[in-house]
Amino acid sequence: MTAPTTEKRPPGPAHSADPSPAPAPRRTSPGRNARLRRVGLRLLALLVLLALWQLVTALRVWPPLLVPPPSAVWDAFVTTSGTHDGVRGYQGHTLIEHLGISLRRIAIGAGAGVLAGLVAGVLMGTLPWVRVVFEPAVAFLRTLPPLAYFSLLIIWFGIDEAPKLWLLAIAAMPPVAVATASAVASAPASLVEAARAVGARGSQVVTAVVLPSALPEILVGVRLAFGIAYSSVVAAETVNGLPGIGGMIRDAQRYNQSDVVILGLLAIGVSGLLIDALLRGAETRFAPWRRLS
């Protein structure tokens, strides 16, 4: 009869198991901390601004007709956002409907201006004679305020949607054309020569080398174009602008409804910030190397 064999165990405590390594403490990345600080500072600045606004209205520095308190603007927001006492919104349309119609006008008008600016900028940046011919005209349009030619557009196209869309397109085209022409003309010569050395034709060089190199500056021009179009929306909706956020502001100004005017300005500003954030996101998505330069 053989003696039972005992299992040999490694030296160590009798009841100890293989301990798993303790999880490392989670660390917050510096980039996330920086973003949180920026958000906190912006919220603090907003709160300080609201407090100063409330203080000015409480001290009656100006009459409430000129500077309404934040509560009056909030009441205007509630009133224009639904149906109250049988009255729907402002002039039959809610605030979001006014804003949506203006955004549609900006998307169509400024979008057409951006496309025209891209085409003009590429031609001006690649063909010297085109730049000589069209650069003065683009600079001339860039210096004109929208109201300077809006009356002429009304004479040409009437008082419907056409003059509004043309005004926004003309306002948005020059910054894109200037930014695109400058970026295309300053494309790295070494990359262009390398593409031609491997047999790329003129159009292939432009689409595969020049435009990707110029994309960050082009996107900056697009952001400027939509900003200018947004600042021109009130001018575009001066005539027959209802429904529309600019038309709402102009109509409220006639009746000294300063709370509705401020509400419209806030709606334009907040939606403009959101659109600019989307364009910055597109810049990060399609031109991530810009952050590294």
# chains A, B, ... in the order shown; residues from 1 in each chain; ligands from 1

$ select_by_dssp --residues "region 46-264 of chain A" --states "helix (DSSP H, G or I)" --output "PyMOL selection string"
chain A and resi 46-58+70-80+95-126+128-143+146-157+161-185+189-197+202-231+233-236+245-254+258-264

$ residues_around --residues "Gly125 (chain A)" --least-positions-apart "2" --cutoff "8 Å" --atoms "only C-alpha atoms" --output "list in words"
Gly121, Val122, Leu123, Leu127, Pro128, Arg131, Thr180, Ala181, Ser182, Ala183, Val184 and Ala185 of chain A

$ write_last_selection --atoms "N, CA and C atoms" --output "PDB file, in the first residue's frame"
ATOM      1  N   GLY A 121     -12.672  81.368 -55.840  1.00  0.00           N
ATOM      2  CA  GLY A 121     -11.382  81.322 -55.169  1.00  0.00           C
ATOM      3  C   GLY A 121     -10.422  80.345 -55.805  1.00  0.00           C
ATOM      4  N   VAL A 122     -10.910  79.165 -56.205  1.00  0.00           N
ATOM      5  CA  VAL A 122     -10.032  78.189 -56.856  1.00  0.00           C
ATOM      6  C   VAL A 122      -9.527  78.730 -58.187  1.00  0.00           C
ATOM      7  N   LEU A 123     -10.426  79.348 -58.960  1.00  0.00           N
ATOM      8  CA  LEU A 123      -9.996  79.921 -60.239  1.00  0.00           C
ATOM      9  C   LEU A 123      -9.006  81.065 -60.035  1.00  0.00           C
ATOM     10  N   LEU A 127      -5.378  80.408 -61.647  1.00  0.00           N
ATOM     11  CA  LEU A 127      -5.200  81.114 -62.916  1.00  0.00           C
ATOM     12  C   LEU A 127      -4.908  82.590 -62.630  1.00  0.00           C
ATOM     13  N   PRO A 128      -3.700  83.039 -62.867  1.00  0.00           N
ATOM     14  CA  PRO A 128      -3.353  84.434 -62.534  1.00  0.00           C
ATOM     15  C   PRO A 128      -4.225  85.463 -63.241  1.00  0.00           C
ATOM     16  N   ARG A 131      -7.443  86.012 -61.446  1.00  0.00           N
ATOM     17  CA  ARG A 131      -7.262  86.821 -60.232  1.00  0.00           C
ATOM     18  C   ARG A 131      -7.143  88.298 -60.574  1.00  0.00           C
ATOM     19  N   THR A 180     -10.127  81.267 -50.039  1.00  0.00           N
ATOM     20  CA  THR A 180      -9.787  80.156 -50.924  1.00  0.00           C
ATOM     21  C   THR A 180      -8.673  80.541 -51.883  1.00  0.00           C
ATOM     22  N   ALA A 181      -8.757  81.719 -52.488  1.00  0.00           N
ATOM     23  CA  ALA A 181      -7.715  82.152 -53.421  1.00  0.00           C
ATOM     24  C   ALA A 181      -6.356  82.247 -52.734  1.00  0.00           C
ATOM     25  N   SER A 182      -6.329  82.805 -51.535  1.00  0.00           N
ATOM     26  CA  SER A 182      -5.064  82.930 -50.806  1.00  0.00           C
ATOM     27  C   SER A 182      -4.498  81.558 -50.440  1.00  0.00           C
ATOM     28  N   ALA A 183      -5.365  80.652 -49.976  1.00  0.00           N
ATOM     29  CA  ALA A 183      -4.892  79.325 -49.578  1.00  0.00           C
ATOM     30  C   ALA A 183      -4.434  78.508 -50.780  1.00  0.00           C
ATOM     31  N   VAL A 184      -5.168  78.577 -51.894  1.00  0.00           N
ATOM     32  CA  VAL A 184      -4.787  77.818 -53.081  1.00  0.00           C
ATOM     33  C   VAL A 184      -3.476  78.349 -53.656  1.00  0.00           C
ATOM     34  N   ALA A 185      -3.308  79.672 -53.678  1.00  0.00           N
ATOM     35  CA  ALA A 185      -2.079  80.243 -54.235  1.00  0.00           C
ATOM     36  C   ALA A 185      -0.858  79.914 -53.394  1.00  0.00           C
TER      37      ALA A 185
END

$ residues_around --residues "Ala236 (chain A)" --least-positions-apart "4" --cutoff "8 Å" --atoms "only C-alpha atoms" --output "ChimeraX atom specification"
/A:146,150,163-165,167-168,232,241,246

$ select_by_dssp --residues "region 51-223 of chain A" --states "strand (DSSP E)" --output "ChimeraX atom specification"
/A:83-84,87-88

$ write_last_selection --atoms "N, CA and C atoms" --output "PDB file, in the first residue's frame"
ATOM      1  N   THR A  83     -49.202  79.306 -27.772  1.00  0.00           N
ATOM      2  CA  THR A  83     -50.478  79.999 -27.962  1.00  0.00           C
ATOM      3  C   THR A  83     -51.000  80.444 -26.609  1.00  0.00           C
ATOM      4  N   HIS A  84     -51.279  81.740 -26.485  1.00  0.00           N
ATOM      5  CA  HIS A  84     -51.761  82.303 -25.226  1.00  0.00           C
ATOM      6  C   HIS A  84     -52.926  83.237 -25.531  1.00  0.00           C
ATOM      7  N   VAL A  87     -53.869  83.767 -29.085  1.00  0.00           N
ATOM      8  CA  VAL A  87     -52.868  84.363 -29.969  1.00  0.00           C
ATOM      9  C   VAL A  87     -51.690  83.406 -30.065  1.00  0.00           C
ATOM     10  N   ARG A  88     -51.330  83.040 -31.278  1.00  0.00           N
ATOM     11  CA  ARG A  88     -50.252  82.074 -31.488  1.00  0.00           C
ATOM     12  C   ARG A  88     -48.950  82.802 -31.775  1.00  0.00           C
TER      13      ARG A  88
END

$ atom_distance --atom1 "CA of Glu161 (chain A)" --atom2 "CA of Gly82 (chain A)"
26.0 Å

$ residues_around --residues "Thr80 (chain A)" --least-positions-apart "2" --cutoff "10 Å" --atoms "only C-alpha atoms" --output "MDAnalysis selection string"
chainID A and resid 74:78 82:84 87:98 260 263

$ write_last_selection --atoms "N, CA, C and O atoms" --output "compact mmCIF listing (two decimals), in the first residue's frame"
# COMPACT_ATOMS: atom_id res chain seq x y z
N TRP A 74 -37.92 86.94 -20.60
CA TRP A 74 -38.38 85.56 -20.41
C TRP A 74 -39.87 85.44 -20.69
O TRP A 74 -40.32 84.46 -21.31
N ASP A 75 -40.66 86.41 -20.22
CA ASP A 75 -42.10 86.39 -20.50
C ASP A 75 -42.36 86.47 -22.01
O ASP A 75 -43.27 85.81 -22.53
N ALA A 76 -41.57 87.28 -22.70
CA ALA A 76 -41.72 87.36 -24.15
C ALA A 76 -41.37 86.04 -24.81
O ALA A 76 -42.02 85.63 -25.79
N PHE A 77 -40.37 85.36 -24.27
CA PHE A 77 -40.02 84.03 -24.80
C PHE A 77 -41.16 83.05 -24.62
O PHE A 77 -41.51 82.29 -25.54
N VAL A 78 -41.77 83.04 -23.44
CA VAL A 78 -42.89 82.13 -23.18
C VAL A 78 -44.07 82.48 -24.09
O VAL A 78 -44.73 81.59 -24.66
N GLY A 82 -45.61 79.78 -27.87
CA GLY A 82 -46.82 78.96 -27.89
C GLY A 82 -48.04 79.81 -28.17
O GLY A 82 -47.95 80.92 -28.72
N THR A 83 -49.20 79.31 -27.77
CA THR A 83 -50.48 80.00 -27.96
C THR A 83 -51.00 80.44 -26.61
O THR A 83 -51.13 79.63 -25.69
N HIS A 84 -51.28 81.74 -26.48
CA HIS A 84 -51.76 82.30 -25.23
C HIS A 84 -52.93 83.24 -25.53
O HIS A 84 -52.81 84.15 -26.37
N VAL A 87 -53.87 83.77 -29.09
CA VAL A 87 -52.87 84.36 -29.97
C VAL A 87 -51.69 83.41 -30.07
O VAL A 87 -51.10 83.01 -29.04
N ARG A 88 -51.33 83.04 -31.28
CA ARG A 88 -50.25 82.07 -31.49
C ARG A 88 -48.95 82.80 -31.78
O ARG A 88 -48.81 83.48 -32.80
N GLY A 89 -48.00 82.66 -30.84
CA GLY A 89 -46.66 83.20 -31.05
C GLY A 89 -46.67 84.70 -31.30
O GLY A 89 -47.40 85.46 -30.65
N TYR A 90 -45.86 85.11 -32.28
CA TYR A 90 -45.79 86.52 -32.67
C TYR A 90 -46.22 86.62 -34.13
O TYR A 90 -45.63 86.01 -35.01
N GLN A 91 -47.28 87.38 -34.35
CA GLN A 91 -47.85 87.55 -35.69
C GLN A 91 -48.20 86.20 -36.33
O GLN A 91 -47.98 85.99 -37.52
N GLY A 92 -48.73 85.28 -35.50
CA GLY A 92 -49.21 84.01 -36.03
C GLY A 92 -48.17 82.92 -36.16
O GLY A 92 -48.50 81.81 -36.61
N HIS A 93 -46.93 83.19 -35.78
CA HIS A 93 -45.86 82.19 -35.88
C HIS A 93 -45.08 82.18 -34.57
O HIS A 93 -44.82 83.23 -33.99
N THR A 94 -44.70 80.98 -34.14
CA THR A 94 -43.93 80.87 -32.91
C THR A 94 -42.49 81.30 -33.14
O THR A 94 -42.03 81.46 -34.29
N LEU A 95 -41.78 81.46 -32.04
CA LEU A 95 -40.37 81.90 -32.12
C LEU A 95 -39.54 80.90 -32.91
O LEU A 95 -38.72 81.30 -33.76
N ILE A 96 -39.74 79.61 -32.68
CA ILE A 96 -38.94 78.61 -33.38
C ILE A 96 -39.26 78.60 -34.86
O ILE A 96 -38.38 78.31 -35.71
N GLU A 97 -40.50 78.93 -35.23
CA GLU A 97 -40.85 79.01 -36.65
C GLU A 97 -40.19 80.22 -37.30
O GLU A 97 -39.68 80.12 -38.43
N HIS A 98 -40.21 81.37 -36.62
CA HIS A 98 -39.51 82.54 -37.15
C HIS A 98 -38.02 82.23 -37.36
O HIS A 98 -37.44 82.54 -38.41
N VAL A 260 -39.21 91.92 -27.03
CA VAL A 260 -39.22 91.02 -28.19
C VAL A 260 -37.99 91.25 -29.05
O VAL A 260 -37.42 90.29 -29.60
N LEU A 263 -35.19 89.51 -27.32
CA LEU A 263 -35.39 88.08 -27.48
C LEU A 263 -34.95 87.62 -28.87
O LEU A 263 -34.27 86.58 -29.00

$ atom_distance --atom1 "CA of Ala137 (chain A)" --atom2 "CA of Val220 (chain A)"
21.2 Å

$ closest_residue --among "A:Asp259, A:Leu152, A:Gly117, A:Leu265" --to "Thr79 (chain A)" --atoms "only C-alpha atoms"
A:Asp259

$ atom_distance --atom1 "CA of Ala252 (chain A)" --atom2 "CA of Ala172 (chain A)"
26.9 Å

$ closest_residue --among "A:Leu41, A:Ala179, A:Val222, A:Leu211" --to "Leu191 (chain A)" --atoms "only C-alpha atoms"
A:Leu211

$ residues_around --residues "Phe226 (chain A)" --least-positions-apart "2" --cutoff "8 Å" --atoms "only C-alpha atoms" --output "ChimeraX atom specification"
/A:106,110,172,222-224,228-230

$ closest_residue --among "A:Asp160, A:Glu135, A:Glu193, A:Glu217" --to "Ala287 (chain A)" --atoms "only C-alpha atoms"
A:Glu217

$ closest_residue --among "A:Gly247, A:Leu99, A:Ser81, A:Val206" --to "Val270 (chain A)" --atoms "only C-alpha atoms"
A:Leu99

$ closest_residue --among "A:Val234, A:Leu279, A:Leu66, A:Ile262" --to "Arg250 (chain A)" --atoms "only C-alpha atoms"
A:Val234
